[in-house]
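K.L.:
Dropping in structure.cif, which is mmCIF, C-alpha atoms:
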data_upload
loop_
_atom_site.label_atom_id
_atom_site.label_comp_id
_atom_site.auth_asym_id
_atom_site.auth_seq_id
_atom_site.Cartn_x
_atom_site.Cartn_y
_atom_site.Cartn_z
CA MET R 1 54.09 13.69 13.11
CA ALA R 2 54.83 16.22 15.86
CA ALA R 3 53.58 19.08 13.69
CA ARG R 4 50.35 17.25 12.85
CA LEU R 5 49.75 16.45 16.49
CA ARG R 6 50.31 20.02 17.63
CA SER R 7 47.95 21.24 14.95
CA SER R 8 45.25 18.79 16.07
CA VAL R 9 45.63 19.63 19.75
CA GLY R 10 45.67 23.37 19.29
CA GLU R 11 45.39 25.06 22.66
CA VAL R 12 45.99 22.51 25.41
CA LEU R 13 44.11 24.39 28.12
CA PRO R 14 41.70 26.85 26.45
CA GLU R 15 39.74 29.34 28.48
CA TRP R 16 36.55 27.70 27.30
CA GLY R 17 36.36 24.06 26.29
CA VAL R 18 35.46 22.95 22.78
CA GLY R 19 33.10 20.20 23.98
CA SER R 20 33.45 16.46 24.45
CA GLU R 21 32.85 15.27 20.89
CA PRO R 22 35.29 17.62 19.12
CA ALA R 23 37.96 17.08 21.78
CA LEU R 24 37.63 13.31 21.79
CA GLY R 25 37.40 12.99 18.02
CA ALA R 26 40.35 15.24 17.23
CA LEU R 27 42.75 13.89 19.84
CA VAL R 28 41.97 10.20 19.44
CA ARG R 29 42.33 10.56 15.67
CA ALA R 30 45.62 12.41 16.08
CA LEU R 31 46.92 9.78 18.48
CA ALA R 32 45.91 6.95 16.17
CA GLU R 33 47.48 8.56 13.11
CA GLY R 34 50.77 8.96 14.95
CA ALA R 35 50.77 5.58 16.73
CA ALA R 36 53.07 2.62 16.33
CA ASP R 37 50.18 0.20 15.89
CA PRO R 38 50.87 -3.16 17.57
CA ALA R 39 47.98 -4.67 15.60
CA ASP R 40 50.08 -4.30 12.44
CA PRO R 41 52.11 -7.52 12.07
CA LEU R 42 55.15 -5.51 10.89
CA CYS R 43 55.14 -3.43 14.08
CA ALA R 44 57.46 -5.86 15.82
CA ALA R 45 60.21 -3.97 17.62
CA HIS R 46 59.26 -4.51 21.24
CA LEU R 47 57.29 -6.66 23.66
CA HIS R 48 54.24 -4.57 22.80
CA CYS R 49 51.27 -6.74 21.91
CA PRO R 50 48.02 -6.13 20.02
CA PRO R 51 45.39 -6.30 22.79
CA LEU R 52 42.47 -8.66 22.54
CA ALA R 53 39.18 -6.86 21.85
CA VAL R 54 37.50 -8.56 24.79
CA ALA R 55 40.28 -7.39 27.12
CA ALA R 56 40.07 -3.82 25.82
CA ALA R 57 36.31 -3.85 26.38
CA ALA R 58 36.80 -5.08 29.94
CA ASP R 59 39.39 -2.34 30.48
CA LEU R 60 36.85 0.26 29.37
CA ALA R 61 34.33 -1.16 31.86
CA ALA R 62 36.94 -0.97 34.62
CA SER R 63 37.54 2.71 33.79
CA ALA R 64 33.83 3.48 33.83
CA LEU R 65 33.19 1.68 37.13
CA ASN R 66 36.44 3.10 38.56
CA PRO R 67 36.80 0.98 41.70
CA SER R 68 39.94 1.85 43.66
CA MET R 69 41.85 -1.16 44.93
CA ASP R 70 43.21 0.47 48.08
CA SER R 71 40.35 -0.40 50.44
CA TRP R 72 37.70 -3.10 50.45
CA ASP R 73 34.76 -0.72 50.79
CA GLN R 74 35.69 0.87 47.45
CA ALA R 75 36.05 -2.42 45.57
CA PRO R 76 34.28 -5.35 47.26
CA ALA R 77 33.73 -7.47 44.14
CA ALA R 78 37.00 -6.46 42.49
CA SER R 79 39.00 -7.48 45.55
CA GLU R 80 37.37 -10.91 45.61
CA LEU R 81 37.91 -11.31 41.85
CA GLU R 82 41.56 -10.39 42.28
CA SER R 83 41.95 -13.01 44.99
CA LEU R 84 40.42 -15.72 42.80
CA VAL R 85 42.39 -14.88 39.66
CA CYS R 86 45.71 -14.41 41.45
CA GLY R 87 45.37 -17.74 43.21
CA GLU R 88 44.59 -19.59 39.98
CA LEU R 89 47.48 -18.05 38.04
CA ALA R 90 49.88 -18.57 40.93
CA ARG R 91 49.07 -22.28 40.89
CA LEU R 92 49.69 -22.33 37.13
CA VAL R 93 53.21 -20.97 37.75
CA CYS R 94 54.15 -22.72 40.99
CA GLY R 95 52.11 -25.90 41.01
CA GLY R 96 50.99 -26.87 44.49
CA GLY R 97 53.38 -24.49 46.21
CA ALA R 98 54.21 -24.71 49.90
CA GLY R 99 53.06 -23.38 53.24
CA ALA R 100 49.98 -21.23 52.76
CA GLY R 101 49.98 -22.09 49.06
CA PRO R 102 50.79 -19.96 46.00
CA ASP R 103 49.55 -16.41 45.56
CA ALA R 104 50.18 -13.47 43.26
CA LEU R 105 49.93 -9.71 43.26
CA VAL R 106 48.78 -7.63 40.30
CA THR R 107 51.48 -5.17 39.24
CA THR R 108 52.15 -2.62 36.53
CA GLY R 109 54.60 -4.99 34.88
CA GLY R 110 58.05 -6.50 35.04
CA THR R 111 59.79 -3.53 36.60
CA GLU R 112 57.46 -3.41 39.61
CA SER R 113 57.42 -7.20 39.95
CA ASN R 114 61.21 -7.43 39.86
CA GLN R 115 61.40 -4.70 42.49
CA LEU R 116 59.09 -6.76 44.70
CA GLY R 117 61.35 -9.78 44.22
CA VAL R 118 64.38 -7.80 45.39
CA LEU R 119 62.41 -6.26 48.26
CA LEU R 120 61.17 -9.63 49.55
CA ALA R 121 64.70 -11.01 49.45
CA ARG R 122 65.98 -8.08 51.49
CA GLU R 123 63.18 -8.45 54.03
CA ARG R 124 63.62 -12.22 54.30
CA LEU R 125 67.42 -12.31 54.32
CA GLY R 126 68.19 -8.98 56.02
CA ASP R 127 70.22 -5.92 55.11
CA GLY R 128 73.37 -6.60 53.14
CA VAL R 129 71.78 -9.24 50.92
CA ARG R 130 73.74 -9.71 47.72
CA VAL R 131 71.86 -9.54 44.40
CA VAL R 132 73.43 -11.70 41.69
CA CYS R 133 72.22 -11.46 38.08
CA GLY R 134 73.51 -12.02 34.59
CA GLU R 135 74.62 -9.40 32.13
CA ASN R 136 71.49 -10.43 30.21
CA ALA R 137 69.17 -9.41 33.08
CA HIS R 138 66.54 -6.71 32.66
CA HIS R 139 67.67 -3.20 33.64
CA SER R 140 65.01 -3.10 36.37
CA VAL R 141 67.06 -5.50 38.53
CA ARG R 142 69.85 -2.95 38.85
CA ARG R 143 67.36 -0.13 39.27
CA SER R 144 65.53 -2.02 42.04
CA ALA R 145 68.72 -2.44 44.04
CA TRP R 146 69.42 1.28 43.61
CA LEU R 147 65.89 2.31 44.65
CA LEU R 148 66.09 0.13 47.77
CA GLY R 149 69.46 1.55 48.82
CA MET R 150 71.24 -1.75 48.27
CA SER R 151 74.66 -2.44 46.80
CA ALA R 152 74.81 -2.71 43.04
CA PRO R 153 74.12 -6.27 41.83
CA VAL R 154 76.99 -8.64 41.15
CA VAL R 155 76.77 -9.07 37.37
CA VAL R 156 78.09 -12.37 36.05
CA ALA R 157 78.77 -13.67 32.57
CA ALA R 158 75.99 -14.75 30.25
CA PRO R 159 77.77 -16.52 27.38
CA ARG R 160 75.53 -17.18 24.39
CA GLY R 161 73.05 -14.83 26.06
CA VAL R 162 72.17 -17.08 29.01
CA LEU R 163 73.31 -17.05 32.62
CA ASP R 164 76.23 -19.34 33.47
CA PRO R 165 75.45 -21.47 36.58
CA VAL R 166 79.15 -22.00 37.28
CA ALA R 167 79.74 -18.26 37.35
CA VAL R 168 76.71 -17.80 39.59
CA GLU R 169 78.00 -20.37 42.08
CA ALA R 170 81.36 -18.61 42.17
CA ALA R 171 79.61 -15.28 42.81
CA LEU R 172 77.71 -16.82 45.73
CA ALA R 173 80.90 -17.93 47.48
CA GLY R 174 81.09 -16.32 50.91
CA SER R 175 77.51 -15.03 50.79
CA GLY R 176 76.44 -17.27 53.66
CA GLY R 177 73.13 -17.86 51.95
CA ARG R 178 72.26 -14.16 52.05
CA ALA R 179 71.91 -13.65 48.32
CA LEU R 180 69.23 -13.32 45.66
CA VAL R 181 69.90 -14.90 42.28
CA VAL R 182 67.84 -13.36 39.46
CA ALA R 183 67.34 -15.54 36.40
CA THR R 184 65.48 -14.66 33.21
CA ALA R 185 62.96 -16.69 31.24
CA GLY R 186 62.75 -14.69 28.04
CA THR R 187 65.45 -12.03 27.77
CA THR R 188 64.57 -8.67 26.30
CA ASP R 189 67.29 -8.77 23.64
CA ALA R 190 67.14 -12.33 22.36
CA GLY R 191 64.14 -14.00 23.99
CA VAL R 192 66.23 -16.81 25.49
CA VAL R 193 65.71 -18.71 28.75
CA ASP R 194 68.38 -19.14 31.42
CA PRO R 195 69.08 -22.74 32.59
CA LEU R 196 66.52 -22.63 35.40
CA PRO R 197 66.94 -26.19 36.80
CA GLU R 198 70.72 -25.78 37.10
CA LEU R 199 70.37 -22.34 38.69
CA ALA R 200 67.81 -23.68 41.15
CA ASP R 201 70.31 -26.42 42.06
CA VAL R 202 73.00 -23.80 42.69
CA VAL R 203 70.71 -21.81 44.99
CA THR R 204 69.75 -24.99 46.85
CA ARG R 205 73.43 -25.81 47.45
CA CYS R 206 74.54 -22.29 48.36
CA GLY R 207 71.42 -20.97 50.09
CA GLY R 208 69.60 -17.74 49.39
CA ARG R 209 66.63 -17.10 47.12
CA LEU R 210 65.88 -17.46 43.42
CA HIS R 211 63.77 -14.93 41.53
CA VAL R 212 62.83 -15.69 37.92
CA ASP R 213 61.96 -12.79 35.64
CA ALA R 214 59.52 -14.55 33.31
CA ALA R 215 57.82 -11.34 32.22
CA TYR R 216 58.16 -12.45 28.60
CA GLY R 217 58.25 -16.23 28.78
CA GLY R 218 55.81 -16.86 31.62
CA PRO R 219 52.68 -17.32 29.46
CA LEU R 220 54.29 -20.37 27.83
CA LEU R 221 52.95 -22.13 30.92
CA PHE R 222 49.47 -22.04 29.36
CA SER R 223 50.72 -24.44 26.66
CA GLU R 224 51.32 -28.12 27.33
CA GLU R 225 53.48 -28.14 24.21
CA LEU R 226 55.75 -25.27 25.28
CA ARG R 227 55.69 -25.17 29.09
CA GLY R 228 58.70 -27.53 29.25
CA ARG R 229 60.87 -24.64 28.08
CA LEU R 230 60.29 -23.08 31.51
CA ALA R 231 61.09 -26.22 33.51
CA GLY R 232 62.48 -25.21 36.89
CA VAL R 233 60.45 -22.01 37.26
CA GLU R 234 58.32 -23.77 39.88
CA ARG R 235 61.41 -23.95 42.13
CA ALA R 236 61.79 -20.17 42.34
CA HIS R 237 60.96 -18.21 45.49
CA SER R 238 59.30 -15.54 43.33
CA VAL R 239 58.40 -15.10 39.67
CA THR R 240 57.56 -12.16 37.42
CA VAL R 241 54.94 -12.70 34.68
CA ASP R 242 53.50 -10.09 32.30
CA LEU R 243 50.21 -10.66 30.53
CA HIS R 244 50.57 -7.49 28.47
CA LYS R 245 53.22 -9.34 26.47
CA LEU R 246 52.31 -12.93 25.59
CA GLY R 247 48.88 -12.50 27.15
CA TRP R 248 47.49 -9.87 24.76
CA GLN R 249 46.25 -7.53 27.49
CA PRO R 250 46.17 -3.73 27.35
CA VAL R 251 48.88 -2.40 29.63
CA ALA R 252 49.19 -2.82 32.51
CA ALA R 253 48.74 -6.48 33.42
CA GLY R 254 51.71 -7.73 35.43
CA LEU R 255 51.91 -10.40 38.12
CA PHE R 256 54.30 -11.07 40.97
CA VAL R 257 53.98 -14.72 41.98
CA VAL R 258 55.18 -16.54 45.11
CA PRO R 259 54.81 -20.25 45.96
CA ASP R 260 54.09 -19.45 49.61
CA ALA R 261 51.59 -16.66 50.27
CA ALA R 262 53.07 -16.18 53.74
CA ASP R 263 56.07 -14.53 52.05
CA LEU R 264 53.84 -11.59 51.14
CA GLY R 265 53.25 -10.84 54.82
CA VAL R 266 56.28 -8.56 54.86
CA LEU R 267 54.31 -6.15 52.66
CA ASP R 268 51.52 -5.73 55.22
CA HIS R 269 50.75 -2.10 55.92
CA ARG R 270 47.93 -0.43 57.78
CA ALA R 271 46.38 3.00 57.32
CA GLU R 272 43.54 3.66 59.75
CA TYR R 273 41.42 5.59 57.28
CA LEU R 274 41.54 2.73 54.76
CA SER R 275 41.64 -0.35 56.97
CA ALA R 276 40.85 0.20 60.63
CA ASP R 277 41.76 -2.43 63.19
CA ASP R 278 38.16 -3.11 64.07
CA ASP R 279 37.29 -3.57 60.37
CA ALA R 280 40.10 -6.11 60.05
CA GLN R 281 38.88 -7.91 63.17
CA ALA R 282 35.41 -7.99 61.63
CA GLY R 283 36.85 -9.80 58.62
CA LEU R 284 37.13 -7.03 56.02
CA PRO R 285 40.22 -7.61 53.85
CA ASP R 286 43.14 -5.18 54.08
CA LEU R 287 44.22 -4.41 50.50
CA LEU R 288 47.29 -2.27 51.26
CA GLY R 289 49.39 -5.40 51.62
CA ARG R 290 48.49 -6.36 48.05
CA SER R 291 50.62 -3.68 46.42
CA LEU R 292 53.31 -1.06 46.91
CA ARG R 293 50.78 1.37 45.46
CA THR R 294 47.77 2.87 47.21
CA THR R 295 45.25 3.91 44.56
CA ARG R 296 45.27 1.36 41.73
CA ARG R 297 42.96 0.25 38.95
CA PRO R 298 41.17 -3.12 38.88
CA ASP R 299 43.50 -4.44 36.19
CA VAL R 300 42.45 -7.92 37.21
CA LEU R 301 39.10 -7.49 35.41
CA LYS R 302 40.49 -7.65 31.88
CA ILE R 303 42.66 -10.62 32.87
CA ALA R 304 39.67 -12.45 34.36
CA VAL R 305 37.51 -11.77 31.30
CA THR R 306 40.24 -13.06 28.99
CA LEU R 307 40.80 -16.23 31.02
CA ARG R 308 37.06 -16.91 31.04
CA ALA R 309 36.60 -16.10 27.33
CA LEU R 310 39.55 -18.04 25.88
CA GLY R 311 40.36 -20.60 28.54
CA ARG R 312 43.76 -22.14 28.98
CA ARG R 313 43.69 -23.85 25.60
CA GLY R 314 42.69 -20.67 23.78
CA LEU R 315 45.58 -18.75 25.28
CA ALA R 316 47.91 -21.67 24.62
CA GLU R 317 46.95 -21.58 20.93
CA LEU R 318 47.88 -17.89 20.67
CA VAL R 319 51.23 -18.48 22.39
CA GLU R 320 51.97 -21.45 20.14
CA ARG R 321 51.03 -19.42 17.04
CA VAL R 322 53.54 -16.63 17.70
CA CYS R 323 56.33 -19.07 18.53
CA ALA R 324 55.61 -20.97 15.31
CA ALA R 325 55.54 -17.70 13.34
CA ALA R 326 58.94 -16.79 14.76
CA GLY R 327 60.22 -20.14 13.52
CA SER R 328 58.79 -19.42 10.07
CA LEU R 329 60.56 -16.06 9.97
CA ALA R 330 63.83 -17.67 11.06
CA GLY R 331 63.45 -20.18 8.24
CA LEU R 332 62.92 -17.42 5.69
CA VAL R 333 66.05 -15.63 6.92
CA THR R 334 68.18 -18.78 6.61
CA GLU R 335 66.95 -19.25 3.03
CA ASP R 336 68.11 -15.75 2.06
CA ALA R 337 71.81 -15.61 1.17
CA GLY R 338 71.87 -11.89 1.91
CA LEU R 339 70.81 -12.28 5.54
CA GLU R 340 72.32 -13.90 8.62
CA LEU R 341 70.30 -15.44 11.47
CA ARG R 342 71.90 -15.18 14.92
CA SER R 343 70.21 -18.27 16.38
CA TRP R 344 66.97 -20.20 16.20
CA PRO R 345 64.29 -18.49 18.35
CA GLU R 346 63.41 -20.01 21.74
CA LEU R 347 60.31 -17.85 22.16
CA SER R 348 59.11 -15.36 19.55
CA THR R 349 62.16 -13.12 19.08
CA VAL R 350 64.19 -13.36 15.89
CA LEU R 351 67.58 -11.66 15.51
CA PHE R 352 69.13 -11.26 12.07
CA ARG R 353 71.15 -8.81 10.00
CA PRO R 354 72.26 -8.20 6.42
CA VAL R 355 75.45 -10.06 5.53
CA GLY R 356 78.70 -8.18 5.09
CA VAL R 357 77.63 -4.70 6.18
CA PRO R 358 78.81 -2.56 9.10
CA ASP R 359 76.61 -1.86 12.12
CA ALA R 360 75.90 1.63 10.82
CA VAL R 361 74.07 0.14 7.85
CA VAL R 362 72.04 -2.13 10.14
CA ALA R 363 71.02 0.88 12.22
CA GLY R 364 70.20 2.80 9.05
CA VAL R 365 67.94 0.03 7.76
CA ARG R 366 65.91 0.17 10.94
CA ARG R 367 65.53 3.95 10.83
CA ARG R 368 64.65 3.95 7.13
CA LEU R 369 61.85 1.42 7.54
CA LEU R 370 60.57 3.30 10.58
CA GLY R 371 60.70 6.68 8.87
CA GLU R 372 58.84 5.39 5.81
CA GLY R 373 56.19 3.75 7.97
CA ARG R 374 56.81 0.29 6.52
CA ALA R 375 58.02 -1.64 9.57
CA VAL R 376 58.97 -1.03 13.19
CA LEU R 377 61.95 -3.22 14.07
CA GLY R 378 64.02 -3.37 17.23
CA ARG R 379 67.75 -3.60 17.71
CA ALA R 380 70.03 -5.65 19.94
CA SER R 381 73.77 -5.44 20.50
CA LEU R 382 75.09 -8.96 21.06
CA ASP R 383 78.32 -10.80 20.21
CA GLY R 384 79.93 -7.44 19.48
CA ARG R 385 77.54 -6.75 16.61
CA LEU R 386 74.24 -4.96 16.04
CA TRP R 387 71.25 -7.10 15.09
CA LEU R 388 67.78 -6.28 13.85
CA LYS R 389 65.19 -7.64 16.27
CA VAL R 390 61.73 -8.85 15.32
CA THR R 391 59.49 -9.69 18.28
CA VAL R 392 56.55 -11.63 16.87
CA LEU R 393 53.48 -10.98 19.00
CA HIS R 394 50.72 -11.00 16.38
CA PRO R 395 49.19 -14.50 16.50
CA TYR R 396 47.78 -14.26 12.98
CA VAL R 397 50.75 -12.89 11.07
CA GLY R 398 51.01 -14.72 7.76
CA ARG R 399 53.99 -16.19 5.96
CA ASP R 400 53.51 -13.71 3.11
CA GLU R 401 53.79 -10.80 5.54
CA LEU R 402 56.95 -12.30 7.06
CA ALA R 403 58.39 -12.76 3.57
CA SER R 404 57.61 -9.14 2.76
CA LEU R 405 59.48 -8.07 5.89
CA VAL R 406 62.54 -10.05 4.83
CA LYS R 407 62.41 -8.39 1.41
CA LEU R 408 62.03 -4.92 2.95
CA VAL R 409 65.17 -5.45 5.04
CA ARG R 410 67.19 -6.86 2.15
CA ASP R 411 66.19 -4.06 -0.21
CA ALA R 412 66.84 -1.34 2.38
CA ALA R 413 70.30 -2.77 3.12
CA THR R 414 71.36 -2.91 -0.54
CA GLY R 415 70.11 0.54 -1.45
CA VAL R 416 67.34 -0.80 -3.65
CA PRO R 417 64.17 1.35 -3.47
CA VAL R 418 62.02 -0.22 -0.81
CA SER R 419 59.08 -2.02 -2.35
CA GLY R 420 56.02 -3.67 -0.93
CA VAL R 421 52.77 -2.52 0.57
CA VAL R 422 52.44 -1.43 4.15
CA SER R 423 50.88 -4.39 5.94
CA GLU R 424 47.13 -4.55 6.34
CA THR R 425 46.05 -4.93 9.93
CA VAL R 426 44.69 -8.33 10.87
CA GLY R 427 42.35 -8.02 13.86
CA VAL R 428 42.98 -10.21 16.89
#
Starting from the coordinates I provided, produce the structure as structure tokens.
P.N.:
Amino acid sequence: MAARLRSSVGEVLPEWGVGSEPALGALVRALAEGAADPADPLCAAHLHCPPLAVAAAADLAASALNPSMDSWDQAPAASELESLVCGELARLVCGGGAGAGPDALVTTGGTESNQLGVLLARERLGDGVRVVCGENAHHSVRRSAWLLGMSAPVVVAAPRGVLDPVAVEAALAGSGGRALVVATAGTTDAGVVDPLPELADVVTRCGGRLHVDAAYGGPLLFSEELRGRLAGVERAHSVTVDLHKLGWQPVAAGLFVVPDAADLGVLDHRAEYLSADDDAQAGLPDLLGRSLRTTRRPDVLKIAVTLRALGRRGLAELVERVCAAAGSLAGLVTEDAGLELRSWPELSTVLFRPVGVPDAVVAGVRRRLLGEGRAVLGRASLDGRLWLKVTVLHPYVGRDELASLVKLVRDAATGVPVSGVVSETVGV
């Protein structure tokens, strides 16, 4: 792949350009030929979704218009659209909220949103705030504490992959209410949800703040059928949600949600050349308090177009489809005597492995299928063993394709020549 790409690129910075059409054609073709295509149902290693066509089209329009979301005079309509969309989605997550009411910021994804959650806790509770998270928490929680010059988080047990409320309460002893508890609604490894109501109760008793990283699981809130799995998220002081996972948006499309918009006031920042005092007094919005970034794209446009095009029920149907497909895959695994299922999926992640083989064989199966271009599977180390991870994000994956994936894994693990046809892409 690397050799083909280098051949297609040729000279990166030639003295004289080759022209738009040859450059665009050669490089886009080379990138596509060497891509892990999320529109292929068997490309299922990560939280990397096939984007909706309507969202990709909106993203192209945003690039062409190129408004910069760092001052109102560069993006008048985009700033108003962002305000409308963020308010609506914040109410979806938080309900009625409190104080000034719910609000959200558009971010690059879970890492930036989690950093904002840690930052707001520090600003609200003061220096020396203790961050408490489970061993199942996303790596960005630890990185956020490091970036902000804070002590390393207190990491507590997460038996069965979920955070233990008893262990959290013990970790909060002596904190004096100056602590941030970070829970997860959809872990990266297993797609499980921490016991949010119990954790919210602990924070209420002990004081402090609760941040829920629902980057993966957050879009279940679109579905009346599935939103109960996130019960308790509305009690958090801040929430991370990514729509470039179970929202089928091109990256990036993250949200940082708070139930009280007044909490975001600590992010206020003023630069005279972007937002002069007299402009603010005249009523022009100051956008610098809407992000840690200065120049940023109008990522809200693709989100707004998707919400308008599909509606809540349309998005709910897609979320329900992938969760049902994950259940179908889990059922196929349990029916195969040569495979072991770790647990029934809570969201759309399925962990399984061949029976009776060492971890080295499991790792080899994954690399073999990747190298032959037949499937892209993830891996997760849990319970002292290595598991193959399938993250189902294609809403229209069929049972036959899931069955072919099971057969590919079984054949690769037993040394049988891998059979089956590389999956045909099903457009979203």
K.L.:
By how many Å are CA of Ser20 in chain R and CA of Ala3 in chain R apart?
P.N.:
23.0 Å
K.L.:
Just want the 8 Å neighbourhood of Glu401 in chain R, counted on only C-alpha atoms, with same-chain residues fewer than 3 positions away dropped. Output as an NGL selection string.
P.N.:
:R and (41-42 or 397-398 or 404-405 or 423)
K.L.:
Suppose you want the space between CA of Thr349 in chain R and CA of Lys389 in chain R; what is it in Å?
P.N.:
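These two atoms are separated by 6.9 Å.
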K.L.:
Report as JSON, numbers by chain the residues that result from applying the PyMOL selection byres ((chain R and resi 220) around 12) to the structure here.
P.N.:
{"R": [92, 93, 185, 186, 193, 214, 215, 216, 217, 218, 219, 221, 222, 223, 224, 225, 226, 227, 228, 229, 230, 231, 233, 241, 242, 243, 245, 246, 247, 312, 313, 315, 316, 317, 318, 319, 320, 321, 322, 323, 346, 347, 348]}
K.L.:
Let's have the selection written as a PDB file, in the frame of the given file, with C-alpha atoms.
P.N.:
ATOM      1  CA  LEU R  92      49.690 -22.330  37.130  1.00  0.00           C
ATOM      2  CA  VAL R  93      53.210 -20.970  37.750  1.00  0.00           C
ATOM      3  CA  ALA R 185      62.960 -16.690  31.240  1.00  0.00           C
ATOM      4  CA  GLY R 186      62.750 -14.690  28.040  1.00  0.00           C
ATOM      5  CA  VAL R 193      65.710 -18.710  28.750  1.00  0.00           C
ATOM      6  CA  ALA R 214      59.520 -14.550  33.310  1.00  0.00           C
ATOM      7  CA  ALA R 215      57.820 -11.340  32.220  1.00  0.00           C
ATOM      8  CA  TYR R 216      58.160 -12.450  28.600  1.00  0.00           C
ATOM      9  CA  GLY R 217      58.250 -16.230  28.780  1.00  0.00           C
ATOM     10  CA  GLY R 218      55.810 -16.860  31.620  1.00  0.00           C
ATOM     11  CA  PRO R 219      52.680 -17.320  29.460  1.00  0.00           C
ATOM     12  CA  LEU R 221      52.950 -22.130  30.920  1.00  0.00           C
ATOM     13  CA  PHE R 222      49.470 -22.040  29.360  1.00  0.00           C
ATOM     14  CA  SER R 223      50.720 -24.440  26.660  1.00  0.00           C
ATOM     15  CA  GLU R 224      51.320 -28.120  27.330  1.00  0.00           C
ATOM     16  CA  GLU R 225      53.480 -28.140  24.210  1.00  0.00           C
ATOM     17  CA  LEU R 226      55.750 -25.270  25.280  1.00  0.00           C
ATOM     18  CA  ARG R 227      55.690 -25.170  29.090  1.00  0.00           C
ATOM     19  CA  GLY R 228      58.700 -27.530  29.250  1.00  0.00           C
ATOM     20  CA  ARG R 229      60.870 -24.640  28.080  1.00  0.00           C
ATOM     21  CA  LEU R 230      60.290 -23.080  31.510  1.00  0.00           C
ATOM     22  CA  ALA R 231      61.090 -26.220  33.510  1.00  0.00           C
ATOM     23  CA  VAL R 233      60.450 -22.010  37.260  1.00  0.00           C
ATOM     24  CA  VAL R 241      54.940 -12.700  34.680  1.00  0.00           C
ATOM     25  CA  ASP R 242      53.500 -10.090  32.300  1.00  0.00           C
ATOM     26  CA  LEU R 243      50.210 -10.660  30.530  1.00  0.00           C
ATOM     27  CA  LYS R 245      53.220  -9.340  26.470  1.00  0.00           C
ATOM     28  CA  LEU R 246      52.310 -12.930  25.590  1.00  0.00           C
ATOM     29  CA  GLY R 247      48.880 -12.500  27.150  1.00  0.00           C
ATOM     30  CA  ARG R 312      43.760 -22.140  28.980  1.00  0.00           C
ATOM     31  CA  ARG R 313      43.690 -23.850  25.600  1.00  0.00           C
ATOM     32  CA  LEU R 315      45.580 -18.750  25.280  1.00  0.00           C
ATOM     33  CA  ALA R 316      47.910 -21.670  24.620  1.00  0.00           C
ATOM     34  CA  GLU R 317      46.950 -21.580  20.930  1.00  0.00           C
ATOM     35  CA  LEU R 318      47.880 -17.890  20.670  1.00  0.00           C
ATOM     36  CA  VAL R 319      51.230 -18.480  22.390  1.00  0.00           C
ATOM     37  CA  GLU R 320      51.970 -21.450  20.140  1.00  0.00           C
ATOM     38  CA  ARG R 321      51.030 -19.420  17.040  1.00  0.00           C
ATOM     39  CA  VAL R 322      53.540 -16.630  17.700  1.00  0.00           C
ATOM     40  CA  CYS R 323      56.330 -19.070  18.530  1.00  0.00           C
ATOM     41  CA  GLU R 346      63.410 -20.010  21.740  1.00  0.00           C
ATOM     42  CA  LEU R 347      60.310 -17.850  22.160  1.00  0.00           C
ATOM     43  CA  SER R 348      59.110 -15.360  19.550  1.00  0.00           C
TER      44      SER R 348
END
K.L.:
Leaving out Tyr273 in chain R and any residue of its chain fewer than 2 positions from it, which residues lie within 12 Å of it when counting only C-alpha atoms, given as a PyMOL selection string?
P.N.:
chain R and resi 70-73+270-271+275-279+286+288
K.L.:
Please expand the PyMOL selection byres ((chain R and resi 378) around 8) into the concrete residues it hits in this file, giving the result as a list in words.
P.N.:
Ala44, Ala45, His46, Arg366, Val376, Leu377, Arg379, Ala380, Leu388, Lys389, Val390 and Thr391 of chain R
K.L.:
Using all atoms listed in the file, find the one residue out of R:Val168, R:Leu52, R:Met69, R:Leu332 that sits nearest to Leu81 in chain R.
P.N.:
R:Met69
K.L.:
Which one of R:Val355, R:Val141, R:Leu370, R:Leu13 sits closest to Ala36 in chain R if you count all atoms listed in the file?
P.N.:
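Among the listed residues, the smallest separation from Ala36 in chain R belongs to R:Leu370.
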K.L.:
Provide the CA of Val54 in chain R to CA of Gly19 in chain R distance in Å, to one decimal place.
P.N.:
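A separation of 29.1 Å between them.
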K.L.:
Can you list what the PyMOL selection byres ((chain R and resi 110-118) around 9) grabs from this structure, as an MDAnalysis selection string?
P.N.:
chainID R and resid 105:109 119:123 131 138:141 143:145 147:148 180 182 210:216 237:242 254:257 292
K.L.:
Which residue, R:His48, R:His394, R:Arg353, R:Arg124, has the smallest gap to Thr188 in chain R when you use all atoms listed in the file?
P.N.:
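Looking at the shortest contact to Thr188 in chain R, the residue is R:His48.
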K.L.:
Identify the residues around (70.0, -23.2, 16.0) within a radius of 12 Å, measuring from only C-alpha atoms in the coordinates stated by the file, and give them as a PyMOL selection string.
P.N.:
chain R and resi 160+327+330-331+334+341-346+350-351
K.L.:
Can you report as lines of an AutoDock Vina configuration file the centre and edge lengths in Å, to one decimal, of an axis-aligned box around the listed atoms of range 284-287 of chain R padded with 4 Å on each side?
P.N.:
center_x = 40.7
center_y = -6.0
center_z = 53.3
size_x = 15.1
size_y = 11.2
size_z = 13.5
K.L.:
Pick out the closest residue to Gln74 in chain R from this set: R:Val361, R:Ala35, R:Leu369, R:Leu287. Count all atoms listed in the file.
P.N.:
R:Leu287
K.L.:
Which residue out of R:Val129, R:Ala170, R:Gln249, R:Ala325 has the minimum interatomic distance to Val305 in chain R when all atoms listed in the file are used?
P.N.:
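Of all the options, R:Gln249 lies closest to Val305 in chain R.
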K.L.:
Tell me which of R:Thr204, R:Ser68, R:Thr187, R:Asn136 sits closest to Leu47 in chain R, counting all atoms listed in the file.
P.N.:
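Of all the options, R:Thr187 lies closest to Leu47 in chain R.
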K.L.:
Give as a PyMOL selection string the set of residues within 8 Å of the point (77.0, -11.7, 3.8), where distances use the file's coordinates and only C-alpha atoms.
P.N.:
chain R and resi 337-340+354-357
